[in-house]
$ cat data_20.pdb   # PDB, C-alpha atoms
MODEL        1
ATOM      1  CA  MET A  29      29.927  33.757   8.838  1.00  0.00           C
ATOM      2  CA  GLN A  30      26.246  32.972   8.417  1.00  0.00           C
ATOM      3  CA  GLU A  31      25.344  29.308   8.047  1.00  0.00           C
ATOM      4  CA  GLN A  32      23.850  28.353   4.697  1.00  0.00           C
ATOM      5  CA  PRO A  33      20.227  27.190   4.761  1.00  0.00           C
ATOM      6  CA  ILE A  34      19.571  23.486   4.439  1.00  0.00           C
ATOM      7  CA  LYS A  35      19.021  22.732   0.752  1.00  0.00           C
ATOM      8  CA  VAL A  36      16.352  20.118  -0.036  1.00  0.00           C
ATOM      9  CA  LEU A  37      15.303  18.423  -3.279  1.00  0.00           C
ATOM     10  CA  MET A  38      11.736  17.109  -3.137  1.00  0.00           C
ATOM     11  CA  SER A  39      10.775  14.714  -5.890  1.00  0.00           C
ATOM     12  CA  LYS A  40       8.451  11.901  -6.890  1.00  0.00           C
ATOM     13  CA  PRO A  41      10.205   8.932  -8.486  1.00  0.00           C
ATOM     14  CA  GLY A  42       8.157   7.395 -11.241  1.00  0.00           C
ATOM     15  CA  LEU A  43       4.808   8.431 -12.620  1.00  0.00           C
ATOM     16  CA  ASP A  44       2.789   8.768  -9.402  1.00  0.00           C
ATOM     17  CA  SER A  45       0.470  11.762  -9.816  1.00  0.00           C
ATOM     18  CA  HIS A  46      -0.503  12.309  -6.163  1.00  0.00           C
ATOM     19  CA  TRP A  47       1.195  15.589  -5.319  1.00  0.00           C
ATOM     20  CA  ARG A  48      -0.627  17.135  -2.335  1.00  0.00           C
ATOM     21  CA  GLY A  49       1.556  15.547   0.370  1.00  0.00           C
ATOM     22  CA  ILE A  50       4.873  16.496  -1.227  1.00  0.00           C
ATOM     23  CA  LEU A  51       3.721  20.094  -1.686  1.00  0.00           C
ATOM     24  CA  VAL A  52       2.562  20.385   1.933  1.00  0.00           C
ATOM     25  CA  VAL A  53       5.866  18.977   3.229  1.00  0.00           C
ATOM     26  CA  SER A  54       7.830  21.204   0.818  1.00  0.00           C
ATOM     27  CA  LEU A  55       6.035  24.290   2.145  1.00  0.00           C
ATOM     28  CA  ALA A  56       6.677  23.248   5.765  1.00  0.00           C
ATOM     29  CA  LEU A  57      10.396  22.849   5.053  1.00  0.00           C
ATOM     30  CA  ARG A  58      10.499  26.182   3.221  1.00  0.00           C
ATOM     31  CA  ASN A  59       8.623  27.920   6.047  1.00  0.00           C
ATOM     32  CA  ALA A  60      11.239  26.522   8.450  1.00  0.00           C
ATOM     33  CA  GLY A  61      13.939  28.407   6.513  1.00  0.00           C
ATOM     34  CA  MET A  62      15.146  25.671   4.187  1.00  0.00           C
ATOM     35  CA  GLU A  63      15.774  26.155   0.491  1.00  0.00           C
ATOM     36  CA  VAL A  64      13.448  23.720  -1.276  1.00  0.00           C
ATOM     37  CA  ILE A  65      13.722  22.647  -4.894  1.00  0.00           C
ATOM     38  CA  TYR A  66      10.599  20.904  -6.164  1.00  0.00           C
ATOM     39  CA  GLY A  67      11.589  18.361  -8.782  1.00  0.00           C
ATOM     40  CA  GLY A  68       8.152  16.907  -9.432  1.00  0.00           C
ATOM     41  CA  ASN A  69       8.027  13.541 -11.169  1.00  0.00           C
ATOM     42  CA  GLN A  70      11.493  12.362 -12.136  1.00  0.00           C
ATOM     43  CA  THR A  71      13.235   9.102 -12.908  1.00  0.00           C
ATOM     44  CA  PRO A  72      15.782   7.891 -10.339  1.00  0.00           C
ATOM     45  CA  ASP A  73      18.615   9.075 -12.611  1.00  0.00           C
ATOM     46  CA  GLU A  74      16.997  12.518 -12.993  1.00  0.00           C
ATOM     47  CA  ILE A  75      16.630  12.781  -9.212  1.00  0.00           C
ATOM     48  CA  ALA A  76      20.325  11.982  -8.742  1.00  0.00           C
ATOM     49  CA  GLU A  77      21.336  14.445 -11.452  1.00  0.00           C
ATOM     50  CA  SER A  78      19.177  17.175  -9.890  1.00  0.00           C
ATOM     51  CA  ALA A  79      20.686  16.438  -6.461  1.00  0.00           C
ATOM     52  CA  VAL A  80      24.183  16.863  -7.903  1.00  0.00           C
ATOM     53  CA  GLN A  81      23.382  19.952  -9.984  1.00  0.00           C
ATOM     54  CA  GLU A  82      21.637  21.688  -7.073  1.00  0.00           C
ATOM     55  CA  ASP A  83      24.193  20.413  -4.513  1.00  0.00           C
ATOM     56  CA  VAL A  84      21.466  19.526  -2.022  1.00  0.00           C
ATOM     57  CA  ASP A  85      21.864  18.395   1.567  1.00  0.00           C
ATOM     58  CA  VAL A  86      18.615  16.420   1.614  1.00  0.00           C
ATOM     59  CA  VAL A  87      16.684  14.370  -0.937  1.00  0.00           C
ATOM     60  CA  GLY A  88      13.016  13.873  -0.088  1.00  0.00           C
ATOM     61  CA  LEU A  89      11.066  11.293  -2.053  1.00  0.00           C
ATOM     62  CA  SER A  90       7.284  10.973  -2.044  1.00  0.00           C
ATOM     63  CA  ILE A  91       5.797   7.709  -3.227  1.00  0.00           C
ATOM     64  CA  LEU A  92       2.219   6.575  -3.273  1.00  0.00           C
ATOM     65  CA  SER A  93       2.591   3.637  -5.648  1.00  0.00           C
ATOM     66  CA  ALA A  94       3.333  -0.028  -5.057  1.00  0.00           C
ATOM     67  CA  GLY A  95       6.710   0.193  -6.814  1.00  0.00           C
ATOM     68  CA  HIS A  96       8.416   1.905  -3.877  1.00  0.00           C
ATOM     69  CA  PRO A  97      11.078  -0.751  -3.096  1.00  0.00           C
ATOM     70  CA  ARG A  98      12.338  -0.798  -6.682  1.00  0.00           C
ATOM     71  CA  LEU A  99      12.116   2.987  -7.156  1.00  0.00           C
ATOM     72  CA  ILE A 100      13.896   3.719  -3.870  1.00  0.00           C
ATOM     73  CA  ALA A 101      16.627   1.158  -4.629  1.00  0.00           C
ATOM     74  CA  GLU A 102      17.137   2.617  -8.124  1.00  0.00           C
ATOM     75  CA  THR A 103      17.258   6.172  -6.742  1.00  0.00           C
ATOM     76  CA  ILE A 104      19.786   5.225  -4.059  1.00  0.00           C
ATOM     77  CA  GLU A 105      21.944   3.471  -6.647  1.00  0.00           C
ATOM     78  CA  ALA A 106      21.750   6.497  -8.959  1.00  0.00           C
ATOM     79  CA  LEU A 107      22.752   8.797  -6.080  1.00  0.00           C
ATOM     80  CA  ARG A 108      25.732   6.526  -5.353  1.00  0.00           C
ATOM     81  CA  ARG A 109      26.808   6.473  -9.004  1.00  0.00           C
ATOM     82  CA  LYS A 110      26.655  10.275  -9.143  1.00  0.00           C
ATOM     83  CA  GLY A 111      28.595  10.663  -5.870  1.00  0.00           C
ATOM     84  CA  LYS A 112      25.666  12.182  -3.989  1.00  0.00           C
ATOM     85  CA  ASP A 113      25.017   9.363  -1.531  1.00  0.00           C
ATOM     86  CA  ASP A 114      26.015  11.662   1.342  1.00  0.00           C
ATOM     87  CA  ALA A 115      22.673  13.495   1.131  1.00  0.00           C
ATOM     88  CA  LEU A 116      20.133  12.787   3.857  1.00  0.00           C
ATOM     89  CA  LEU A 117      17.503  10.597   2.172  1.00  0.00           C
ATOM     90  CA  LEU A 118      13.890  10.822   3.315  1.00  0.00           C
ATOM     91  CA  VAL A 119      10.984   8.781   2.029  1.00  0.00           C
ATOM     92  CA  GLY A 120       7.343   9.603   2.577  1.00  0.00           C
ATOM     93  CA  GLY A 121       4.042   8.275   1.379  1.00  0.00           C
ATOM     94  CA  THR A 122       1.855   5.231   1.626  1.00  0.00           C
ATOM     95  CA  ILE A 123       4.570   2.785   2.596  1.00  0.00           C
ATOM     96  CA  PRO A 124       3.472  -0.436   4.286  1.00  0.00           C
ATOM     97  CA  PRO A 125       5.010  -0.438   7.793  1.00  0.00           C
ATOM     98  CA  ASP A 126       6.545  -3.858   7.067  1.00  0.00           C
ATOM     99  CA  ASP A 127       8.621  -2.267   4.256  1.00  0.00           C
ATOM    100  CA  ILE A 128      10.248   0.443   6.390  1.00  0.00           C
ATOM    101  CA  SER A 129      13.169  -1.703   7.573  1.00  0.00           C
ATOM    102  CA  GLN A 130      13.859  -2.825   3.989  1.00  0.00           C
ATOM    103  CA  LEU A 131      13.960   0.792   2.785  1.00  0.00           C
ATOM    104  CA  LYS A 132      16.323   1.750   5.622  1.00  0.00           C
ATOM    105  CA  GLU A 133      18.569  -1.213   4.792  1.00  0.00           C
ATOM    106  CA  LEU A 134      18.690   0.056   1.207  1.00  0.00           C
ATOM    107  CA  GLY A 135      19.865   3.454   2.449  1.00  0.00           C
ATOM    108  CA  ALA A 136      16.839   5.579   3.350  1.00  0.00           C
ATOM    109  CA  ASP A 137      17.621   7.572   6.496  1.00  0.00           C
ATOM    110  CA  GLU A 138      13.999   7.901   7.569  1.00  0.00           C
ATOM    111  CA  VAL A 139      10.532   6.969   6.353  1.00  0.00           C
ATOM    112  CA  PHE A 140       7.510   9.123   7.157  1.00  0.00           C
ATOM    113  CA  LEU A 141       4.063   7.588   6.841  1.00  0.00           C
ATOM    114  CA  PRO A 142       0.743   9.362   6.243  1.00  0.00           C
ATOM    115  CA  GLY A 143      -0.229  11.257   9.365  1.00  0.00           C
ATOM    116  CA  ALA A 144       3.349  12.174  10.335  1.00  0.00           C
ATOM    117  CA  SER A 145       3.298  15.699  11.707  1.00  0.00           C
ATOM    118  CA  LEU A 146       4.985  18.414   9.705  1.00  0.00           C
ATOM    119  CA  ASP A 147       6.813  19.472  12.876  1.00  0.00           C
ATOM    120  CA  SER A 148       8.286  15.972  13.243  1.00  0.00           C
ATOM    121  CA  ILE A 149       9.578  16.053   9.660  1.00  0.00           C
ATOM    122  CA  VAL A 150      11.061  19.553  10.029  1.00  0.00           C
ATOM    123  CA  ASP A 151      12.585  18.681  13.415  1.00  0.00           C
ATOM    124  CA  TYR A 152      14.117  15.480  12.048  1.00  0.00           C
ATOM    125  CA  VAL A 153      15.759  17.289   9.130  1.00  0.00           C
ATOM    126  CA  GLN A 154      17.041  20.102  11.337  1.00  0.00           C
ATOM    127  CA  ARG A 155      18.465  17.713  13.964  1.00  0.00           C
ATOM    128  CA  GLN A 156      20.119  15.451  11.396  1.00  0.00           C
ATOM    129  CA  MET A 157      21.657  18.332   9.475  1.00  0.00           C
ATOM    130  CA  ALA A 158      22.879  20.036  12.669  1.00  0.00           C
ATOM    131  CA  SER A 159      24.509  16.757  13.678  1.00  0.00           C
ATOM    132  CA  ARG A 160      26.102  16.289  10.249  1.00  0.00           C
ATOM    133  CA  ARG A 161      27.375  19.871  10.164  1.00  0.00           C
ATOM    134  CA  ALA A 162      28.814  19.582  13.689  1.00  0.00           C
ATOM    135  CA  LEU A 163      30.595  16.354  12.733  1.00  0.00           C
ATOM    136  CA  PHE A 164      31.986  18.022   9.608  1.00  0.00           C
ATOM    137  CA  GLU A 165      33.238  20.977  11.684  1.00  0.00           C
ATOM    138  CA  ARG A 166      34.945  18.666  14.193  1.00  0.00           C
ATOM    139  CA  GLN A 167      36.607  16.715  11.397  1.00  0.00           C
ATOM    140  CA  HIS A 168      37.832  19.861   9.640  1.00  0.00           C
ATOM    141  CA  ARG A 169      38.735  22.014  12.640  1.00  0.00           C
ATOM    142  CA  PRO A 170      42.391  23.024  12.677  1.00  0.00           C
ATOM    143  CA  HIS A 171      44.310  20.945  15.182  1.00  0.00           C
ATOM    144  CA  THR A 172      45.568  23.275  17.932  1.00  0.00           C
ATOM    145  CA  GLN A 173      46.913  20.846  20.538  1.00  0.00           C
ATOM    146  CA  ASN A 174      50.596  21.301  21.380  1.00  0.00           C
ATOM    147  CA  GLN A 175      50.915  24.501  19.356  1.00  0.00           C
ATOM    148  CA  PRO A 176      52.856  27.326  21.052  1.00  0.00           C
ATOM    149  CA  LEU A 177      50.867  30.279  22.340  1.00  0.00           C
ATOM    150  CA  SER A 178      51.484  33.547  20.494  1.00  0.00           C
TER     151      SER A 178
ENDMDL
END
$ encode --input "data_20.pdb" --output "structure tokens"
Amino acid sequence: MQEQPIKVLMSKPGLDSHWRGILVVSLALRNAGMEVIYGGNQTPDEIAESAVQEDVDVVGLSILSAGHPRLIAETIEALRRKGKDDALLLVGGTIPPDDISQLKELGADEVFLPGASLDSIVDYVQRQMASRRALFERQHRPHTQNQPLS
């Protein structure tokens, strides 16, 4: 059975109109074999709804505005309400380094700042998803210990 490609929703919470970074990262993920859905500008609730409707593995958020703590918190809460808080959550953009720990405490899995290499973003997503899929397989593998041999 062939493994399904990693499915990623890329979106911009709020009204931020800077789109170049999110498009470049989206293309890098797509070129690495991932299925990328570009959501564009969406409210936190719309992002969560899109994540559920598209059944994504990863939610990538790009923010270049000062409202990032509030927007990330609202998006994480919306994902929780919709039952999609198991998705890998990535944040990228002009985030002050002092805010990274706060965003991770809220629930962001990783934060990528301007200048992060595309390879590092792709590698991070691939490693995290491989780890999550392996854990899922171990948890759902049929238990064979102490079963008689045929």
$ resolve_selection --input "data_20.pdb" --expression "the PyMOL selection byres ((chain A and resi 65) around 7)" --output "list in words"
Val36, Leu37, Met38, Glu63, Val64, Tyr66 and Gly67 of chain A
$ resolve_selection --input "data_20.pdb" --expression "the PyMOL selection byres ((chain A and resi 142) around 7)" --output "compact mmCIF listing (two decimals) with C-alpha atoms, in the frame of the given file"
# COMPACT_ATOMS: atom_id res chain seq x y z
CA GLY A 121 4.04 8.28 1.38
CA THR A 122 1.86 5.23 1.63
CA PHE A 140 7.51 9.12 7.16
CA LEU A 141 4.06 7.59 6.84
CA GLY A 143 -0.23 11.26 9.36
CA ALA A 144 3.35 12.17 10.34
$ closest_residue --input "data_20.pdb" --among "A:Gly61, A:Gly42, A:Gly49, A:Pro33" --to "A:Val150" --atoms "all atoms listed in the file"
A:Gly61
$ atom_distance --input "data_20.pdb" --atom1 "atom CA of A:Asp44" --atom2 "atom CA of A:Leu92"
6.5 Å
$ atom_distance --input "data_20.pdb" --atom1 "atom CA of A:Ser90" --atom2 "atom CA of A:Val119"
5.9 Å
$ resolve_selection --input "data_20.pdb" --expression "the PyMOL selection byres ((chain A and resi 139) around 9)" --output "ChimeraX atom specification"
/A:117-121,123,128,131-132,136-138,140-141
$ residues_around --input "data_20.pdb" --residues "A:Asp83" --least-positions-apart "5" --cutoff "9 Å" --atoms "all atoms listed in the file" --output "ChimeraX atom specification"
/A:35,78,112
$ residues_near_point --input "data_20.pdb" --point "(12.5, 8.3, -13.1)" --cutoff "10 Å" --atoms "only C-alpha atoms" --output "PyMOL selection string"
chain A and resi 39-43+69-76+99+102-103
$ atom_distance --input "data_20.pdb" --atom1 "atom CA of A:Gln156" --atom2 "atom CA of A:Glu133"
18.0 Å
$ residues_around --input "data_20.pdb" --residues "stretch 159-168 of chain A" --least-positions-apart "4" --cutoff "10 Å" --atoms "all atoms listed in the file" --output "list in words"
Glu31, Asp85, Leu116, Val153, Gln154 and Arg155 of chain A
$ axis_aligned_box --input "data_20.pdb" --around "stretch 54-68 of chain A" --padding-each-side "3 Å" --output "AutoDock Vina command-line options"
--center_x 10.9 --center_y 22.7 --center_z -0.5 --size_x 15.7 --size_y 17.5 --size_z 23.9
$ closest_residue --input "data_20.pdb" --among "A:Ile34, A:Met157, A:Leu89, A:Val80" --to "A:Leu51" --atoms "all atoms listed in the file"
A:Leu89
$ closest_residue --input "data_20.pdb" --among "A:Val84, A:Leu55, A:Leu107, A:Leu134" --to "A:Gln32" --atoms "all atoms listed in the file"
A:Val84
$ build_atoms --input "data_20.pdb" --residues "stretch 94-129 of chain A" --atoms "N, CA and C atoms" --output "tab-separated table (two decimals), in the frame of the given file"
chain	number	residue	atom	x	y	z
A	94	ALA	N	2.84	1.25	-5.58
A	94	ALA	CA	3.33	-0.03	-5.06
A	94	ALA	C	4.77	-0.32	-5.47
A	95	GLY	N	5.35	0.45	-6.35
A	95	GLY	CA	6.71	0.19	-6.81
A	95	GLY	C	7.79	0.80	-5.94
A	96	HIS	N	7.46	1.17	-4.71
A	96	HIS	CA	8.42	1.90	-3.88
A	96	HIS	C	9.73	1.17	-3.62
A	97	PRO	N	9.77	-0.14	-3.35
A	97	PRO	CA	11.08	-0.75	-3.10
A	97	PRO	C	12.02	-0.62	-4.30
A	98	ARG	N	11.51	-0.88	-5.47
A	98	ARG	CA	12.34	-0.80	-6.68
A	98	ARG	C	12.76	0.64	-6.95
A	99	LEU	N	11.81	1.58	-6.87
A	99	LEU	CA	12.12	2.99	-7.16
A	99	LEU	C	13.11	3.57	-6.15
A	100	ILE	N	12.96	3.22	-4.88
A	100	ILE	CA	13.90	3.72	-3.87
A	100	ILE	C	15.28	3.12	-4.12
A	101	ALA	N	15.34	1.82	-4.36
A	101	ALA	CA	16.63	1.16	-4.63
A	101	ALA	C	17.31	1.78	-5.85
A	102	GLU	N	16.56	2.02	-6.92
A	102	GLU	CA	17.14	2.62	-8.12
A	102	GLU	C	17.61	4.05	-7.86
A	103	THR	N	16.86	4.80	-7.06
A	103	THR	CA	17.26	6.17	-6.74
A	103	THR	C	18.52	6.18	-5.90
A	104	ILE	N	18.59	5.30	-4.91
A	104	ILE	CA	19.79	5.22	-4.06
A	104	ILE	C	21.00	4.83	-4.89
A	105	GLU	N	20.83	3.89	-5.78
A	105	GLU	CA	21.94	3.47	-6.65
A	105	GLU	C	22.38	4.63	-7.56
A	106	ALA	N	21.42	5.35	-8.10
A	106	ALA	CA	21.75	6.50	-8.96
A	106	ALA	C	22.48	7.58	-8.16
A	107	LEU	N	22.06	7.83	-6.93
A	107	LEU	CA	22.75	8.80	-6.08
A	107	LEU	C	24.18	8.34	-5.81
A	108	ARG	N	24.38	7.06	-5.57
A	108	ARG	CA	25.73	6.53	-5.35
A	108	ARG	C	26.60	6.70	-6.59
A	109	ARG	N	26.05	6.34	-7.75
A	109	ARG	CA	26.81	6.47	-9.00
A	109	ARG	C	27.23	7.91	-9.26
A	110	LYS	N	26.38	8.85	-8.89
A	110	LYS	CA	26.66	10.28	-9.14
A	110	LYS	C	27.48	10.91	-8.02
A	111	GLY	N	27.80	10.13	-6.97
A	111	GLY	CA	28.60	10.66	-5.87
A	111	GLY	C	27.81	11.54	-4.92
A	112	LYS	N	26.51	11.35	-4.86
A	112	LYS	CA	25.67	12.18	-3.99
A	112	LYS	C	24.99	11.33	-2.91
A	113	ASP	N	25.61	10.23	-2.53
A	113	ASP	CA	25.02	9.36	-1.53
A	113	ASP	C	25.23	9.87	-0.11
A	114	ASP	N	25.86	11.06	0.02
A	114	ASP	CA	26.02	11.66	1.34
A	114	ASP	C	24.81	12.50	1.74
A	115	ALA	N	23.87	12.72	0.82
A	115	ALA	CA	22.67	13.50	1.13
A	115	ALA	C	21.77	12.70	2.07
A	116	LEU	N	21.13	13.40	2.99
A	116	LEU	CA	20.13	12.79	3.86
A	116	LEU	C	18.97	12.37	2.96
A	117	LEU	N	18.55	11.11	3.05
A	117	LEU	CA	17.50	10.60	2.17
A	117	LEU	C	16.25	10.29	2.97
A	118	LEU	N	15.17	11.00	2.66
A	118	LEU	CA	13.89	10.82	3.32
A	118	LEU	C	12.88	10.26	2.34
A	119	VAL	N	12.04	9.37	2.84
A	119	VAL	CA	10.98	8.78	2.03
A	119	VAL	C	9.67	9.03	2.75
A	120	GLY	N	8.67	9.42	2.00
A	120	GLY	CA	7.34	9.60	2.58
A	120	GLY	C	6.29	9.08	1.64
A	121	GLY	N	5.14	8.75	2.20
A	121	GLY	CA	4.04	8.28	1.38
A	121	GLY	C	3.37	7.06	1.99
A	122	THR	N	2.60	6.40	1.16
A	122	THR	CA	1.86	5.23	1.63
A	122	THR	C	2.74	4.00	1.55
A	123	ILE	N	3.62	3.89	2.52
A	123	ILE	CA	4.57	2.78	2.60
A	123	ILE	C	4.04	1.80	3.63
A	124	PRO	N	3.88	0.53	3.26
A	124	PRO	CA	3.47	-0.44	4.29
A	124	PRO	C	4.51	-0.48	5.41
A	125	PRO	N	4.06	-0.43	6.67
A	125	PRO	CA	5.01	-0.44	7.79
A	125	PRO	C	6.02	-1.59	7.73
A	126	ASP	N	5.63	-2.72	7.18
A	126	ASP	CA	6.54	-3.86	7.07
A	126	ASP	C	7.70	-3.58	6.10
A	127	ASP	N	7.57	-2.58	5.23
A	127	ASP	CA	8.62	-2.27	4.26
A	127	ASP	C	9.64	-1.25	4.76
A	128	ILE	N	9.37	-0.63	5.90
A	128	ILE	CA	10.25	0.44	6.39
A	128	ILE	C	11.67	-0.06	6.63
A	129	SER	N	11.81	-1.20	7.29
A	129	SER	CA	13.17	-1.70	7.57
A	129	SER	C	13.92	-2.02	6.28
